[in-house]
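Coordinates as given in target_10.txt (compact mmCIF, C-alpha atoms and all ligand atoms):
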```
# COMPACT_ATOMS: atom_id res chain seq x y z
CA MET A 871 -79.34 -8.80 37.33
CA LYS A 872 -83.02 -8.11 37.74
CA VAL A 873 -84.87 -8.19 41.06
CA THR A 874 -88.65 -8.37 41.29
CA ILE A 875 -90.26 -7.75 44.66
CA ILE A 876 -92.81 -10.50 45.03
CA GLY A 877 -93.62 -9.76 48.66
CA HIS A 878 -92.47 -7.18 51.19
CA TRP A 879 -94.77 -7.30 54.24
CA GLY A 880 -93.52 -8.22 57.69
CA GLY A 881 -95.43 -10.94 59.54
CA PHE A 882 -98.32 -11.45 57.17
CA PRO A 883 -99.29 -10.25 53.69
CA LYS A 884 -101.81 -7.56 52.91
CA ALA A 885 -104.79 -8.81 50.87
CA ARG A 886 -103.71 -10.11 47.43
CA GLU A 887 -100.04 -9.43 48.21
CA ALA A 888 -97.27 -11.45 49.89
CA SER A 889 -94.78 -11.40 52.74
CA SER A 890 -91.07 -11.87 52.01
CA GLY A 891 -90.20 -12.98 48.46
CA TYR A 892 -87.75 -11.67 45.83
CA LEU A 893 -87.17 -13.14 42.38
CA ILE A 894 -83.59 -12.56 41.24
CA GLU A 895 -82.77 -13.25 37.59
CA HIS A 896 -79.81 -13.14 35.27
CA ASP A 897 -79.20 -14.82 31.91
CA GLY A 898 -82.37 -16.89 32.27
CA TYR A 899 -81.46 -18.23 35.74
CA LYS A 900 -84.16 -17.63 38.37
CA LEU A 901 -83.44 -17.61 42.09
CA LEU A 902 -86.33 -17.18 44.51
CA LEU A 903 -85.03 -15.51 47.66
CA GLU A 904 -87.50 -16.21 50.50
CA CYS A 905 -90.84 -17.97 50.15
CA GLY A 906 -93.15 -16.34 52.66
CA SER A 907 -96.93 -16.40 52.78
CA GLY A 908 -98.54 -15.54 49.44
CA VAL A 909 -95.34 -15.93 47.44
CA VAL A 910 -96.36 -19.06 45.50
CA SER A 911 -99.47 -17.29 44.24
CA SER A 912 -97.80 -13.94 43.55
CA VAL A 913 -94.60 -15.20 41.90
CA GLN A 914 -96.73 -16.66 39.12
CA GLU A 915 -97.43 -13.07 38.00
CA VAL A 916 -93.87 -13.03 36.64
CA THR A 917 -92.74 -16.64 36.14
CA ASP A 918 -94.00 -20.17 35.82
CA ILE A 919 -93.03 -22.13 38.92
CA LYS A 920 -91.41 -24.77 36.71
CA ASP A 921 -88.82 -22.18 35.62
CA ILE A 922 -87.48 -21.45 39.14
CA ASP A 923 -83.94 -22.89 39.35
CA ALA A 924 -83.28 -22.56 43.10
CA VAL A 925 -84.79 -21.21 46.31
CA LEU A 926 -82.93 -19.63 49.21
CA ILE A 927 -84.50 -19.18 52.65
CA THR A 928 -82.69 -16.99 55.22
CA HIS A 929 -84.54 -18.33 58.27
CA TYR A 930 -87.59 -20.29 59.26
CA HIS A 931 -90.03 -17.63 60.42
CA TYR A 932 -93.25 -18.19 58.52
CA ASP A 933 -93.20 -14.81 56.79
CA HIS A 934 -90.04 -16.05 55.02
CA CYS A 935 -90.69 -19.76 54.48
CA CYS A 936 -94.28 -20.87 54.93
CA ASP A 937 -95.05 -21.16 51.20
CA ILE A 938 -92.38 -23.85 50.84
CA GLY A 939 -95.17 -26.43 51.29
CA PRO A 940 -97.34 -25.15 48.39
CA LEU A 941 -94.19 -24.71 46.31
CA GLN A 942 -93.33 -28.37 46.86
CA TYR A 943 -96.82 -29.44 45.81
CA ALA A 944 -96.55 -27.24 42.71
CA ARG A 945 -93.27 -28.91 41.78
CA GLN A 946 -94.82 -32.33 42.38
CA ILE A 947 -97.80 -31.58 40.15
CA LYS A 948 -95.64 -30.08 37.41
CA THR A 949 -93.31 -33.09 37.54
CA GLN A 950 -96.29 -35.43 37.23
CA LEU A 951 -97.49 -33.34 34.27
CA LYS A 952 -93.99 -33.86 32.79
CA GLU A 953 -93.35 -30.10 32.67
CA ILE A 954 -90.18 -30.60 34.74
CA SER A 955 -87.97 -33.55 35.61
CA ALA A 956 -85.28 -32.31 38.02
CA PRO A 957 -85.79 -31.77 41.76
CA LEU A 958 -85.62 -28.19 43.05
CA PRO A 959 -82.79 -27.28 45.46
CA ILE A 960 -83.86 -25.23 48.49
CA TYR A 961 -80.99 -23.63 50.40
CA GLY A 962 -81.55 -22.88 54.06
CA PRO A 963 -79.89 -22.90 57.47
CA GLN A 964 -79.68 -26.17 59.34
CA GLY A 965 -82.35 -26.35 62.03
CA GLU A 966 -85.63 -27.87 62.94
CA PHE A 967 -87.37 -26.89 59.69
CA PHE A 968 -84.48 -27.97 57.46
CA ARG A 969 -85.68 -31.57 57.07
CA LEU A 970 -88.95 -30.23 55.61
CA LEU A 971 -87.07 -28.78 52.65
CA LYS A 972 -86.99 -32.30 51.20
CA TRP A 973 -90.27 -33.42 49.68
CA GLU A 974 -90.09 -36.88 48.12
CA ASP A 975 -88.12 -36.57 44.87
CA TYR A 976 -89.40 -33.08 44.05
CA THR A 977 -87.34 -30.79 46.29
CA TYR A 978 -84.29 -31.19 48.53
CA GLY A 979 -82.54 -29.07 51.15
CA VAL A 980 -78.98 -27.77 51.05
CA GLY A 981 -77.65 -26.29 54.28
CA PHE A 982 -75.56 -23.14 54.62
CA ASP A 983 -74.08 -21.01 57.37
CA GLU A 984 -71.92 -17.90 57.75
CA ASN A 985 -68.88 -19.74 56.34
CA SER A 986 -70.62 -20.83 53.14
CA ASN A 987 -69.95 -19.41 49.70
CA LEU A 988 -72.64 -20.64 47.35
CA THR A 989 -72.52 -20.49 43.57
CA LEU A 990 -76.06 -20.69 42.20
CA GLY A 991 -76.07 -20.20 38.45
CA PRO A 992 -74.55 -16.74 37.84
CA PHE A 993 -74.83 -15.72 41.52
CA GLU A 994 -72.09 -15.97 44.16
CA ILE A 995 -73.63 -15.72 47.61
CA SER A 996 -72.04 -15.13 51.00
CA PHE A 997 -73.62 -14.69 54.40
CA ILE A 998 -73.32 -13.02 57.79
CA LYS A 999 -75.21 -14.28 60.84
CA ASN A 1000 -77.91 -11.90 62.03
CA ILE A 1001 -79.14 -11.04 65.48
CA HIS A 1002 -82.66 -12.44 65.50
CA PRO A 1003 -84.70 -14.80 67.73
CA LEU A 1004 -84.08 -17.60 65.21
CA GLU A 1005 -80.85 -18.44 63.36
CA ALA A 1006 -81.01 -16.05 60.39
CA TYR A 1007 -78.61 -14.67 57.78
CA SER A 1008 -78.06 -11.58 55.69
CA ALA A 1009 -76.95 -12.33 52.14
CA ARG A 1010 -74.56 -10.64 49.71
CA ILE A 1011 -75.32 -11.72 46.15
CA LYS A 1012 -72.69 -10.96 43.52
CA CYS A 1013 -73.35 -11.26 39.79
CA LYS A 1014 -70.44 -10.23 37.56
CA ASP A 1015 -69.48 -6.78 38.90
CA LYS A 1016 -72.81 -6.01 40.59
CA VAL A 1017 -73.79 -6.69 44.20
CA LEU A 1018 -77.25 -7.02 45.70
CA SER A 1019 -77.40 -7.19 49.48
CA TYR A 1020 -80.33 -8.27 51.62
CA THR A 1021 -80.68 -8.03 55.39
CA SER A 1022 -83.44 -10.55 56.00
CA ASP A 1023 -84.50 -9.88 59.62
CA THR A 1024 -81.99 -8.56 62.14
CA SER A 1025 -81.23 -6.13 64.92
CA TYR A 1026 -78.56 -3.55 64.16
CA PHE A 1027 -74.94 -4.54 64.67
CA GLU A 1028 -71.71 -2.93 63.54
CA ASP A 1029 -70.40 -5.71 61.26
CA LEU A 1030 -73.40 -5.41 58.94
CA ALA A 1031 -72.11 -2.24 57.27
CA GLY A 1032 -68.78 -3.88 56.41
CA PHE A 1033 -70.54 -6.93 55.01
CA PHE A 1034 -72.73 -4.76 52.73
CA LYS A 1035 -69.88 -2.37 51.76
CA GLY A 1036 -70.25 -0.86 48.31
CA SER A 1037 -73.36 -2.80 47.30
CA ASP A 1038 -75.22 -1.54 44.25
CA LEU A 1039 -78.51 -2.19 46.02
CA LEU A 1040 -79.37 -2.90 49.65
CA ILE A 1041 -82.80 -4.39 50.31
CA CYS A 1042 -83.10 -3.63 53.99
CA GLU A 1043 -85.75 -4.67 56.43
CA CYS A 1044 -87.55 -1.78 58.10
CA SER A 1045 -89.99 -3.20 60.59
CA PHE A 1046 -90.24 -0.16 62.84
CA TYR A 1047 -90.33 3.64 62.85
CA SER A 1048 -87.43 5.66 64.22
CA ASP A 1049 -89.02 6.34 67.60
CA MET A 1050 -89.44 2.61 68.27
CA ASP A 1051 -86.91 0.03 69.45
CA GLY A 1052 -86.61 -3.16 67.41
CA THR A 1053 -83.70 -4.62 69.34
CA LYS A 1054 -85.65 -7.09 71.43
CA ALA A 1055 -87.71 -8.29 68.47
CA GLY A 1056 -84.60 -8.62 66.31
CA HIS A 1057 -85.55 -5.97 63.76
CA LEU A 1058 -84.38 -2.65 62.33
CA THR A 1059 -85.93 0.81 62.47
CA SER A 1060 -86.06 3.27 59.57
CA SER A 1061 -83.22 5.34 60.98
CA GLN A 1062 -81.05 2.25 61.46
CA ALA A 1063 -81.73 1.24 57.85
CA GLY A 1064 -80.61 4.71 56.72
CA LEU A 1065 -77.55 4.60 58.95
CA LEU A 1066 -76.61 1.16 57.65
CA ALA A 1067 -76.93 2.27 54.01
CA GLU A 1068 -74.83 5.37 54.70
CA LYS A 1069 -72.09 3.49 56.54
CA ALA A 1070 -71.97 0.79 53.86
CA ARG A 1071 -71.91 3.44 51.07
CA VAL A 1072 -74.49 1.50 49.06
CA ARG A 1073 -75.75 3.01 45.78
CA LYS A 1074 -79.44 2.49 46.43
CA LEU A 1075 -81.62 1.52 49.39
CA ILE A 1076 -84.99 -0.20 49.32
CA LEU A 1077 -86.93 -0.49 52.56
CA THR A 1078 -88.81 -3.75 52.90
CA HIS A 1079 -90.44 -6.09 55.47
CA LEU A 1080 -92.77 -3.15 56.06
CA PRO A 1081 -95.01 -2.67 59.08
CA HIS A 1082 -98.82 -2.83 59.00
CA PHE A 1083 -99.19 0.43 60.94
CA GLY A 1084 -98.35 4.11 60.61
CA ASP A 1085 -97.65 6.18 57.49
CA LEU A 1086 -95.05 4.28 55.47
CA ASN A 1087 -93.83 7.53 53.89
CA ASN A 1088 -92.48 8.48 57.31
CA LEU A 1089 -90.10 5.51 57.05
CA LEU A 1090 -88.58 7.11 53.96
CA ALA A 1091 -88.25 10.52 55.59
CA GLU A 1092 -86.67 9.03 58.70
CA ALA A 1093 -84.15 6.95 56.72
CA ARG A 1094 -83.27 10.03 54.64
CA GLU A 1095 -82.05 11.79 57.78
CA TYR A 1096 -79.11 9.36 57.73
CA TYR A 1097 -78.66 8.35 54.08
CA GLU A 1098 -78.26 10.76 51.18
CA GLY A 1099 -78.57 8.22 48.35
CA GLU A 1100 -81.64 7.01 46.49
CA ILE A 1101 -84.29 5.40 48.73
CA GLU A 1102 -87.55 3.71 47.81
CA LEU A 1103 -90.18 1.73 49.64
CA ALA A 1104 -90.61 -1.85 48.46
CA SER A 1105 -93.85 -2.36 46.58
CA TYR A 1106 -95.67 -5.25 44.99
CA MET A 1107 -94.00 -6.40 41.75
CA LYS A 1108 -91.51 -3.53 41.71
CA GLU A 1109 -88.66 -4.39 39.31
CA ILE A 1110 -85.11 -3.15 39.82
CA ASN A 1111 -82.29 -3.70 37.34
CA ILE A 1112 -78.78 -3.41 38.70
ZN ZN B 1201 -89.74 -11.56 58.94
ZN ZN B 1202 -87.78 -13.34 61.28
```
Could the structure of this file be written out as structure tokens, please?
Ligand SMILES: [Zn+2]
Ligand SMILES: [Zn+2]
Amino acid sequence: MKVTIIGHWGGFPKAREASSGYLIEHDGYKLLLECGSGVVSSVQEVTDIKDIDAVLITHYHYDHCCDIGPLQYARQIKTQLKEISAPLPIYGPQGEFFRLLKWEDYTYGVGFDENSNLTLGPFEISFIKNIHPLEAYSARIKCKDKVLSYTSDTSYFEDLAGFFKGSDLLICECSFYSDMDGTKAGHLTSSQAGLLAEKARVRKLILTHLPHFGDLNNLLAEAREYYEGEIELASYMKEINI
């Protein structure tokens, strides 16, 4: 499968970039994981919006979901232009925002929780509930014999490593530097991301949901103190094949 990082900033996007968004493709199927601010604009660098088959939102903080509205309008316009005819499924947790996933006949919501096993095209997706101020989930996305794991937003907890065990790639949030404490905010530090990757024995680690302060290269160095495998910082339009 191929992953393209559409957006990787925590909270809000840097100029001309995006907050959380990842396009995951295999055999022509396109899954948009997260639809944060700037994603509808940026994703068009790599795909026409009419070609997106499904969207998955891990929780309803705006940096993960606020471009759902523009995405719905795009689908409406492209339906009216007869470029597409089928409504777009948007998978998300039940909750206050869930009803907004339906927009007339253009998009509809499908709920999931930690007990769900979704099959979306070639992808089999399972979830674990995160520790975060809002209901949020990490996802494990299997495609044939490859596994992509994604933390979304969470504080550190022991069961995460087991859930991500043996993944080919872990896209891990890294909101804070190692000398900070993300527990109260529901986020991970660089050293926790490294520790998680090491415990889960993942093949590659990408740090994402990056902070708007400090020297981001320090995040890499701090994670490397715990994890010996390959680590990279997420960057705009980075492509990873696994
Ligand atoms: Zn976030
Ligand atoms: Zn969040």
At most 9 Å from (-86.8, -2.4, 61.6), file frame, only C-alpha atoms: which residues, as a PDB file with C-alpha atoms, in the frame of the given file?
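So point.pdb came out as:
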```
ATOM      1  CA  ASP A1023     -84.500  -9.880  59.620  1.00  0.00           C
ATOM      2  CA  THR A1024     -81.990  -8.560  62.140  1.00  0.00           C
ATOM      3  CA  SER A1025     -81.230  -6.130  64.920  1.00  0.00           C
ATOM      4  CA  TYR A1026     -78.560  -3.550  64.160  1.00  0.00           C
ATOM      5  CA  CYS A1042     -83.100  -3.630  53.990  1.00  0.00           C
ATOM      6  CA  GLU A1043     -85.750  -4.670  56.430  1.00  0.00           C
ATOM      7  CA  CYS A1044     -87.550  -1.780  58.100  1.00  0.00           C
ATOM      8  CA  SER A1045     -89.990  -3.200  60.590  1.00  0.00           C
ATOM      9  CA  PHE A1046     -90.240  -0.160  62.840  1.00  0.00           C
ATOM     10  CA  TYR A1047     -90.330   3.640  62.850  1.00  0.00           C
ATOM     11  CA  SER A1048     -87.430   5.660  64.220  1.00  0.00           C
ATOM     12  CA  MET A1050     -89.440   2.610  68.270  1.00  0.00           C
ATOM     13  CA  ASP A1051     -86.910   0.030  69.450  1.00  0.00           C
ATOM     14  CA  GLY A1052     -86.610  -3.160  67.410  1.00  0.00           C
ATOM     15  CA  THR A1053     -83.700  -4.620  69.340  1.00  0.00           C
ATOM     16  CA  GLY A1056     -84.600  -8.620  66.310  1.00  0.00           C
ATOM     17  CA  HIS A1057     -85.550  -5.970  63.760  1.00  0.00           C
ATOM     18  CA  LEU A1058     -84.380  -2.650  62.330  1.00  0.00           C
ATOM     19  CA  THR A1059     -85.930   0.810  62.470  1.00  0.00           C
ATOM     20  CA  SER A1060     -86.060   3.270  59.570  1.00  0.00           C
ATOM     21  CA  SER A1061     -83.220   5.340  60.980  1.00  0.00           C
ATOM     22  CA  GLN A1062     -81.050   2.250  61.460  1.00  0.00           C
ATOM     23  CA  ALA A1063     -81.730   1.240  57.850  1.00  0.00           C
ATOM     24  CA  HIS A1079     -90.440  -6.090  55.470  1.00  0.00           C
ATOM     25  CA  LEU A1080     -92.770  -3.150  56.060  1.00  0.00           C
ATOM     26  CA  PRO A1081     -95.010  -2.670  59.080  1.00  0.00           C
TER      27      PRO A1081
END
```
* Asked: Would you name the residues within 7 Å of ligand ZN 1202 (chain B), counting only C-alpha atoms and all ligand atoms, and put them as a list of chain:residue names?
  ->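 These are the residues that qualify: A:His929, A:His931, A:His1002, A:Leu1004, A:Asp1023.
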Could you produce a table of the residues of chain A lying within 6 Å of ligand ZN 1201 (chain B), with the nearest pair of atoms per residue and their separation in Å rounded to one decimal, using all atoms listed in the file, ordered by chain and increasing residue number, as JSON lines?
```
{"residue": "A:Gly880", "atom": "CA", "partner": "B:ZN1201", "partner_atom": "ZN", "distance": 5.2}
{"residue": "A:Gly881", "atom": "CA", "partner": "B:ZN1201", "partner_atom": "ZN", "distance": 5.8}
{"residue": "A:Asp933", "atom": "CA", "partner": "B:ZN1201", "partner_atom": "ZN", "distance": 5.2}
{"residue": "A:His934", "atom": "CA", "partner": "B:ZN1201", "partner_atom": "ZN", "distance": 6.0}
{"residue": "A:Asp1023", "atom": "CA", "partner": "B:ZN1201", "partner_atom": "ZN", "distance": 5.5}
```
Residues from last step as file, C-alpha atoms, as a PDB file, in the coordinates of the input:
```pdb
ATOM      1  CA  GLY A 880     -93.520  -8.220  57.690  1.00  0.00           C
ATOM      2  CA  GLY A 881     -95.430 -10.940  59.540  1.00  0.00           C
ATOM      3  CA  ASP A 933     -93.200 -14.810  56.790  1.00  0.00           C
ATOM      4  CA  HIS A 934     -90.040 -16.050  55.020  1.00  0.00           C
ATOM      5  CA  ASP A1023     -84.500  -9.880  59.620  1.00  0.00           C
TER       6      ASP A1023
END
```
* Asked: Between A:Lys972, A:Arg1094, A:His1082, A:Arg1073, which is the closest to Ile1112 of chain A once you count all atoms listed in the file?
  -> A:Arg1073
* **Selected residue, from A:Val873, A:Glu1109, A:Ile922, A:Asp983, that lies nearest to Ser1019 of chain A when counting only C-alpha atoms** =>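 Distance minimum relative to Ser1019 of chain A lands on A:Val873.
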* Asked: What's the 7 Å shell around Pro883 of chain A, counting all atoms listed in the file, without same-chain residues fewer than 5 positions away, as a list in words?
  -> Ala888, Ser889, Ser907 and Gly908 of chain A
* Nearest-residue call for Leu1066 of chain A, choices A:Pro1003, A:Gly1032, A:Gly906, A:Pro940, using only C-alpha atoms ->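 The closest residue to Leu1066 of chain A is A:Gly1032.
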* Separation of atom CA of Leu1090 of chain A from atom CA of Leu1077 of chain A in Å -> 7.9 Å
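Residue nearest Ala885 of chain A, chosen from A:Ser912, A:Leu951, A:Thr977, A:Ser986 and counting only C-alpha atoms: A:Ser912.
The coordinates place atom CA of Trp973 of chain A at 6.5 Å from atom CA of Gln942 of chain A.
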* To do: Please provide as number ranges by chain all residues within 9 Å of Leu893 of chain A, with the sequence filter that same-chain residues fewer than 3 positions apart are discarded (counting all atoms listed in the file).
  => A: 872-876, 900-904, 913, 916, 922
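For the set A:Asn1111, A:Arg945, A:Leu1086, A:Tyr930, the residue with the smallest atom-to-atom gap to Arg969 of chain A is A:Tyr930, counting all atoms listed in the file.
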